[in-house]
Amino acid sequence: GFKSFCITKTFSLSVGNAQGFKKIYLKGGIKMNYKIAVVAGDGIGPEVMEQNILVLNEIGKKFGHTFEYTHVLGGGCAIDKYGEPLPQETIDICKASDSVLLGAVGGWQWDNLPGDKRPERALLGLRGALGLYANLRPATLHDALKDACPLKPELVADGVDIMVVRELTGGMYFGEKGRKQTDMGEAAYDVEQYSEKEVERITRKAFEIARKRKKHVTNVDKQNVLESSRLWRKVVEEVAKDYPEVTLEHMLVDNCAMQLVKDPAQFDVVLTENMFGDILSDEASMVTGSIGMLASASLNDTKFGLYEPSGGSAPDIAGKGIANPIATILSAAMMLRFSFDLDKEADAIENAVAAVLKDGYRTIDIMSEGKEQIGTAQMGDKICEYIK
Ligand code: NAD
């Protein structure tokens, strides 16, 4: 019974003009049109992004949404065209969008540039400019890919479905750092510091996400040693009172590193600070077997997010049509779930991916005996077919 009105505008494939954006809503406040900034980037980025967009369009057709894409440059391709990895226009268009999809940046062509001119600056620059403080890294072991898991089969018999929620803009990576002279020679320091507000906002994100999952949060810290962890844990316990339906458990980081390879099925949402999260999310993700399967999201205080595969631009396989697009496609599913609250649509993508794998289709990175090897475009086609 809703009546919609649409304002559509076509954007060129180059950097567009941020003023061109208009918010479009269905009557009754239900949104149907979504503005997505697309930073396909370098290497395999554009190849996997092409399939991602085909999949999203299939979802749009099936569920009645319009996804409007603005392709912008970031990374090495922006260096080649504008002499800088993150042009201001790219930032402006990302800010004016509902979310950002990113492929990957980097490659050997730009490896000799100084640190602040390298393609990877585009990532850090975007995270900073967009205020993305919450990093979500799911580690899901698909039934069909249990063989690729480096753990013993009995350890993953119950499956693995972990969401690491990592604080991304605080802690030791951003604290005061420096050098000083001591009796033991030159010393260097990096200060680990967290404020109550920083802990509160990431904790709320973790609990909101847990509400949509198995309603279990494992808070990981080092409160037996670190003052910053003691404050962290106190704030987590306060925030948890607002989410009585979610179970909270605490775990010391060293124990968590062990538990992830001993009994990964015990985890649902893992909440932790920046450096612990950096390490634990890589460890958790390894149980899934391939980098081509790993999605990620970075969120700010609103529903806005940047979604990208965890892997890089894979220059060794770029242009060959063999890259696995699943990580990028699963990142788009996260976008539907976390930025747009389109849970059914996200489920449709995740179920299609699971079904394609179950039916034995594999890209080269997850290939095993008796399965059918297909390329990037065929994998995208198959996922679209299963969504239909
Ligand atoms: P990488 O993730 O690009 O590649 C590591 C290995 O994994 C390679 O053998 C590659 O072929 C494989 N691989 C990665 N993604 C794959 C996919 N979707 N399908 C199949 N195989 C896949 O890491 P790297 O080689 O260390 O870095 C290459 C470039 O990417 C560097 O310039 C690096 O700085 C950049 N990088 C970018 C990001 C990002 O954009 N977020 C992240 C990491 C690295």
# chains A, B, ... in the order shown; residues from 1 in each chain; ligands from 1
>>> residues_around(residues="Ile326 (chain A)", least_positions_apart="3", cutoff="7 Å", atoms="only C-alpha atoms", output="PyMOL selection string")
chain A and resi 292-293+329-330
>>> write_last_selection(atoms="C-alpha atoms", output="PDB file, in the first residue's frame")
ATOM      1  CA  GLY A 292      38.844 -14.608  -0.376  1.00  0.00           C
ATOM      2  CA  MET A 293      35.946 -15.405   2.000  1.00  0.00           C
ATOM      3  CA  ILE A 329      29.820  -9.850  -1.826  1.00  0.00           C
ATOM      4  CA  LEU A 330      29.539 -10.817   1.856  1.00  0.00           C
TER       5      LEU A 330
END
>>> residues_near_ligand(ligand="ligand 1", cutoff="6 Å", atoms="only C-alpha atoms and all ligand atoms", output="list in words")
Ala104, Val105, Gly106, Gly107, Ile291, Gly292, Ser310, Gly311, Gly312, Ser313, Ala314, Pro315, Asp316, Ile317, Ala323, Asn324, Pro325 and Asp365 of chain A
>>> write_last_selection(atoms="N, CA and C atoms", output="PDB file, in the first residue's frame")
ATOM      1  N   ALA A 104      39.783  -2.940  -3.094  1.00  0.00           N
ATOM      2  CA  ALA A 104      41.098  -3.055  -2.441  1.00  0.00           C
ATOM      3  C   ALA A 104      41.996  -2.007  -3.065  1.00  0.00           C
ATOM      4  N   VAL A 105      43.013  -1.591  -2.327  1.00  0.00           N
ATOM      5  CA  VAL A 105      43.953  -0.628  -2.892  1.00  0.00           C
ATOM      6  C   VAL A 105      45.379  -1.157  -2.773  1.00  0.00           C
ATOM      7  N   GLY A 106      46.233  -0.670  -3.678  1.00  0.00           N
ATOM      8  CA  GLY A 106      47.657  -1.012  -3.600  1.00  0.00           C
ATOM      9  C   GLY A 106      48.125  -1.864  -4.760  1.00  0.00           C
ATOM     10  N   GLY A 107      49.450  -1.953  -4.866  1.00  0.00           N
ATOM     11  CA  GLY A 107      50.051  -2.748  -5.935  1.00  0.00           C
ATOM     12  C   GLY A 107      51.507  -2.384  -6.093  1.00  0.00           C
ATOM     13  N   ILE A 291      41.375 -16.180   2.527  1.00  0.00           N
ATOM     14  CA  ILE A 291      41.234 -14.725   2.596  1.00  0.00           C
ATOM     15  C   ILE A 291      40.137 -14.239   1.649  1.00  0.00           C
ATOM     16  N   GLY A 292      39.881 -14.993   0.592  1.00  0.00           N
ATOM     17  CA  GLY A 292      38.844 -14.608  -0.376  1.00  0.00           C
ATOM     18  C   GLY A 292      37.427 -14.721   0.155  1.00  0.00           C
ATOM     19  N   SER A 310      38.498  -8.388   3.530  1.00  0.00           N
ATOM     20  CA  SER A 310      39.669  -8.224   4.400  1.00  0.00           C
ATOM     21  C   SER A 310      40.977  -8.310   3.630  1.00  0.00           C
ATOM     22  N   GLY A 311      40.957  -8.960   2.481  1.00  0.00           N
ATOM     23  CA  GLY A 311      42.186  -9.142   1.708  1.00  0.00           C
ATOM     24  C   GLY A 311      42.592  -7.881   0.976  1.00  0.00           C
ATOM     25  N   GLY A 312      43.740  -7.957   0.307  1.00  0.00           N
ATOM     26  CA  GLY A 312      44.263  -6.814  -0.430  1.00  0.00           C
ATOM     27  C   GLY A 312      43.943  -6.900  -1.909  1.00  0.00           C
ATOM     28  N   SER A 313      44.767  -6.216  -2.710  1.00  0.00           N
ATOM     29  CA  SER A 313      44.481  -6.082  -4.146  1.00  0.00           C
ATOM     30  C   SER A 313      45.002  -7.265  -4.958  1.00  0.00           C
ATOM     31  N   ALA A 314      45.659  -8.221  -4.299  1.00  0.00           N
ATOM     32  CA  ALA A 314      46.130  -9.464  -4.919  1.00  0.00           C
ATOM     33  C   ALA A 314      46.726  -9.244  -6.307  1.00  0.00           C
ATOM     34  N   PRO A 315      47.801  -8.432  -6.412  1.00  0.00           N
ATOM     35  CA  PRO A 315      48.356  -8.131  -7.737  1.00  0.00           C
ATOM     36  C   PRO A 315      48.802  -9.390  -8.489  1.00  0.00           C
ATOM     37  N   ASP A 316      49.113 -10.457  -7.753  1.00  0.00           N
ATOM     38  CA  ASP A 316      49.583 -11.687  -8.414  1.00  0.00           C
ATOM     39  C   ASP A 316      48.502 -12.351  -9.270  1.00  0.00           C
ATOM     40  N   ILE A 317      47.232 -12.068  -8.979  1.00  0.00           N
ATOM     41  CA  ILE A 317      46.171 -12.712  -9.774  1.00  0.00           C
ATOM     42  C   ILE A 317      45.277 -11.684 -10.479  1.00  0.00           C
ATOM     43  N   ALA A 323      39.916 -14.221  -9.307  1.00  0.00           N
ATOM     44  CA  ALA A 323      39.793 -13.815  -7.895  1.00  0.00           C
ATOM     45  C   ALA A 323      38.446 -14.237  -7.336  1.00  0.00           C
ATOM     46  N   ASN A 324      38.432 -14.537  -6.062  1.00  0.00           N
ATOM     47  CA  ASN A 324      37.197 -14.915  -5.382  1.00  0.00           C
ATOM     48  C   ASN A 324      36.421 -13.644  -4.996  1.00  0.00           C
ATOM     49  N   PRO A 325      35.225 -13.457  -5.523  1.00  0.00           N
ATOM     50  CA  PRO A 325      34.470 -12.235  -5.187  1.00  0.00           C
ATOM     51  C   PRO A 325      33.641 -12.372  -3.912  1.00  0.00           C
ATOM     52  N   ASP A 365      41.128 -20.264  -5.144  1.00  0.00           N
ATOM     53  CA  ASP A 365      41.703 -20.172  -3.797  1.00  0.00           C
ATOM     54  C   ASP A 365      41.053 -21.126  -2.802  1.00  0.00           C
TER      55      ASP A 365
END
>>> select_by_dssp(residues="region 9-231 of chain A", states="alpha helix (DSSP H)", output="PyMOL selection string")
chain A and resi 45-63+76-82+88-95+121-129+196-211+227-231
>>> residues_around(residues="Val160 (chain A)", least_positions_apart="2", cutoff="6 Å", atoms="only C-alpha atoms", output="PDB file with all heavy atoms, in the first residue's frame")
ATOM      1  N   THR A 140      33.327 -16.772   9.705  1.00  0.00           N
ATOM      2  CA  THR A 140      32.295 -17.808   9.598  1.00  0.00           C
ATOM      3  C   THR A 140      32.854 -18.962   8.796  1.00  0.00           C
ATOM      4  O   THR A 140      33.352 -18.751   7.688  1.00  0.00           O
ATOM      5  CB  THR A 140      31.049 -17.240   8.870  1.00  0.00           C
ATOM      6  OG1 THR A 140      30.686 -16.019   9.485  1.00  0.00           O
ATOM      7  CG2 THR A 140      29.892 -18.214   8.909  1.00  0.00           C
ATOM      8  N   LEU A 141      32.774 -20.138   9.362  1.00  0.00           N
ATOM      9  CA  LEU A 141      33.245 -21.319   8.630  1.00  0.00           C
ATOM     10  C   LEU A 141      32.038 -21.971   7.959  1.00  0.00           C
ATOM     11  O   LEU A 141      31.135 -22.471   8.629  1.00  0.00           O
ATOM     12  CB  LEU A 141      33.909 -22.304   9.596  1.00  0.00           C
ATOM     13  CG  LEU A 141      34.453 -23.579   8.953  1.00  0.00           C
ATOM     14  CD1 LEU A 141      35.532 -23.279   7.930  1.00  0.00           C
ATOM     15  CD2 LEU A 141      35.001 -24.519  10.029  1.00  0.00           C
ATOM     16  N   ALA A 265      33.788 -22.532  18.735  1.00  0.00           N
ATOM     17  CA  ALA A 265      32.316 -22.513  18.703  1.00  0.00           C
ATOM     18  C   ALA A 265      31.721 -21.788  19.915  1.00  0.00           C
ATOM     19  O   ALA A 265      30.555 -21.408  19.891  1.00  0.00           O
ATOM     20  CB  ALA A 265      31.776 -23.936  18.641  1.00  0.00           C
TER      21      ALA A 265
END
>>> residues_around(residues="Ala40 (chain A)", least_positions_apart="5", cutoff="7 Å", atoms="only C-alpha atoms", output="list in words")
Gly45, Pro46, Met49, Leu102, Gly103 and Ala104 of chain A
>>> write_last_selection(atoms="N, CA, C and O atoms", output="PDB file, in the first residue's frame")
ATOM      1  N   GLY A  45      40.394  -5.375  -7.168  1.00  0.00           N
ATOM      2  CA  GLY A  45      39.274  -4.572  -6.649  1.00  0.00           C
ATOM      3  C   GLY A  45      38.154  -4.393  -7.670  1.00  0.00           C
ATOM      4  O   GLY A  45      36.996  -4.762  -7.405  1.00  0.00           O
ATOM      5  N   PRO A  46      38.460  -3.832  -8.872  1.00  0.00           N
ATOM      6  CA  PRO A  46      37.381  -3.616  -9.854  1.00  0.00           C
ATOM      7  C   PRO A  46      36.727  -4.921 -10.322  1.00  0.00           C
ATOM      8  O   PRO A  46      35.521  -4.942 -10.582  1.00  0.00           O
ATOM      9  N   MET A  49      34.412  -6.091  -7.521  1.00  0.00           N
ATOM     10  CA  MET A  49      33.339  -5.104  -7.312  1.00  0.00           C
ATOM     11  C   MET A  49      32.273  -5.221  -8.394  1.00  0.00           C
ATOM     12  O   MET A  49      31.080  -5.037  -8.116  1.00  0.00           O
ATOM     13  N   LEU A 102      34.166  -0.760  -0.721  1.00  0.00           N
ATOM     14  CA  LEU A 102      35.545  -0.620  -1.163  1.00  0.00           C
ATOM     15  C   LEU A 102      36.076  -1.975  -1.647  1.00  0.00           C
ATOM     16  O   LEU A 102      35.770  -3.005  -1.043  1.00  0.00           O
ATOM     17  N   GLY A 103      36.814  -1.962  -2.762  1.00  0.00           N
ATOM     18  CA  GLY A 103      37.396  -3.203  -3.292  1.00  0.00           C
ATOM     19  C   GLY A 103      38.710  -3.489  -2.585  1.00  0.00           C
ATOM     20  O   GLY A 103      38.751  -4.168  -1.561  1.00  0.00           O
ATOM     21  N   ALA A 104      39.783  -2.940  -3.094  1.00  0.00           N
ATOM     22  CA  ALA A 104      41.098  -3.055  -2.441  1.00  0.00           C
ATOM     23  C   ALA A 104      41.996  -2.007  -3.065  1.00  0.00           C
ATOM     24  O   ALA A 104      41.763  -1.574  -4.197  1.00  0.00           O
TER      25      ALA A 104
END
>>> residues_around(residues="Leu252 (chain A)", least_positions_apart="2", cutoff="12 Å", atoms="only C-alpha atoms", output="PyMOL selection string")
chain A and resi 218-226+229-230+233+249-250+254-259+270-272+276+280
>>> select_by_dssp(residues="region 105-342 of chain A", states="strand (DSSP E or B)", output="ChimeraX atom specification")
/A:134-141,160-167,177-182,185-190,216-221,247-252,269-272,295-299,305-309
>>> residues_around(residues="Ile79 (chain A)", least_positions_apart="2", cutoff="12 Å", atoms="only C-alpha atoms", output="list in words")
Gly41, Asp42, Leu73, Gly74, Gly75, Gly76, Cys77, Lys81, Tyr82, Gly83, Glu84, Pro85, Leu86, Pro87, Val105, Gly106, Gly107, Gln109, Trp110, Leu113, Asp116, Lys117, Arg118, Pro119, Glu120, Arg121 and Ala122 of chain A
>>> residues_around(residues="Thr247 (chain A)", least_positions_apart="6", cutoff="8 Å", atoms="only C-alpha atoms", output="list in words")
Lys215, His216 and Val217 of chain A
>>> write_last_selection(atoms="C-alpha atoms", output="mmCIF file, in the first residue's frame")
data_model
loop_
_atom_site.group_PDB
_atom_site.id
_atom_site.type_symbol
_atom_site.label_atom_id
_atom_site.label_comp_id
_atom_site.auth_asym_id
_atom_site.auth_seq_id
_atom_site.Cartn_x
_atom_site.Cartn_y
_atom_site.Cartn_z
ATOM 1 C CA LYS A 215 22.999 -12.673 22.121
ATOM 2 C CA HIS A 216 26.376 -13.412 23.652
ATOM 3 C CA VAL A 217 29.252 -10.944 24.077
#
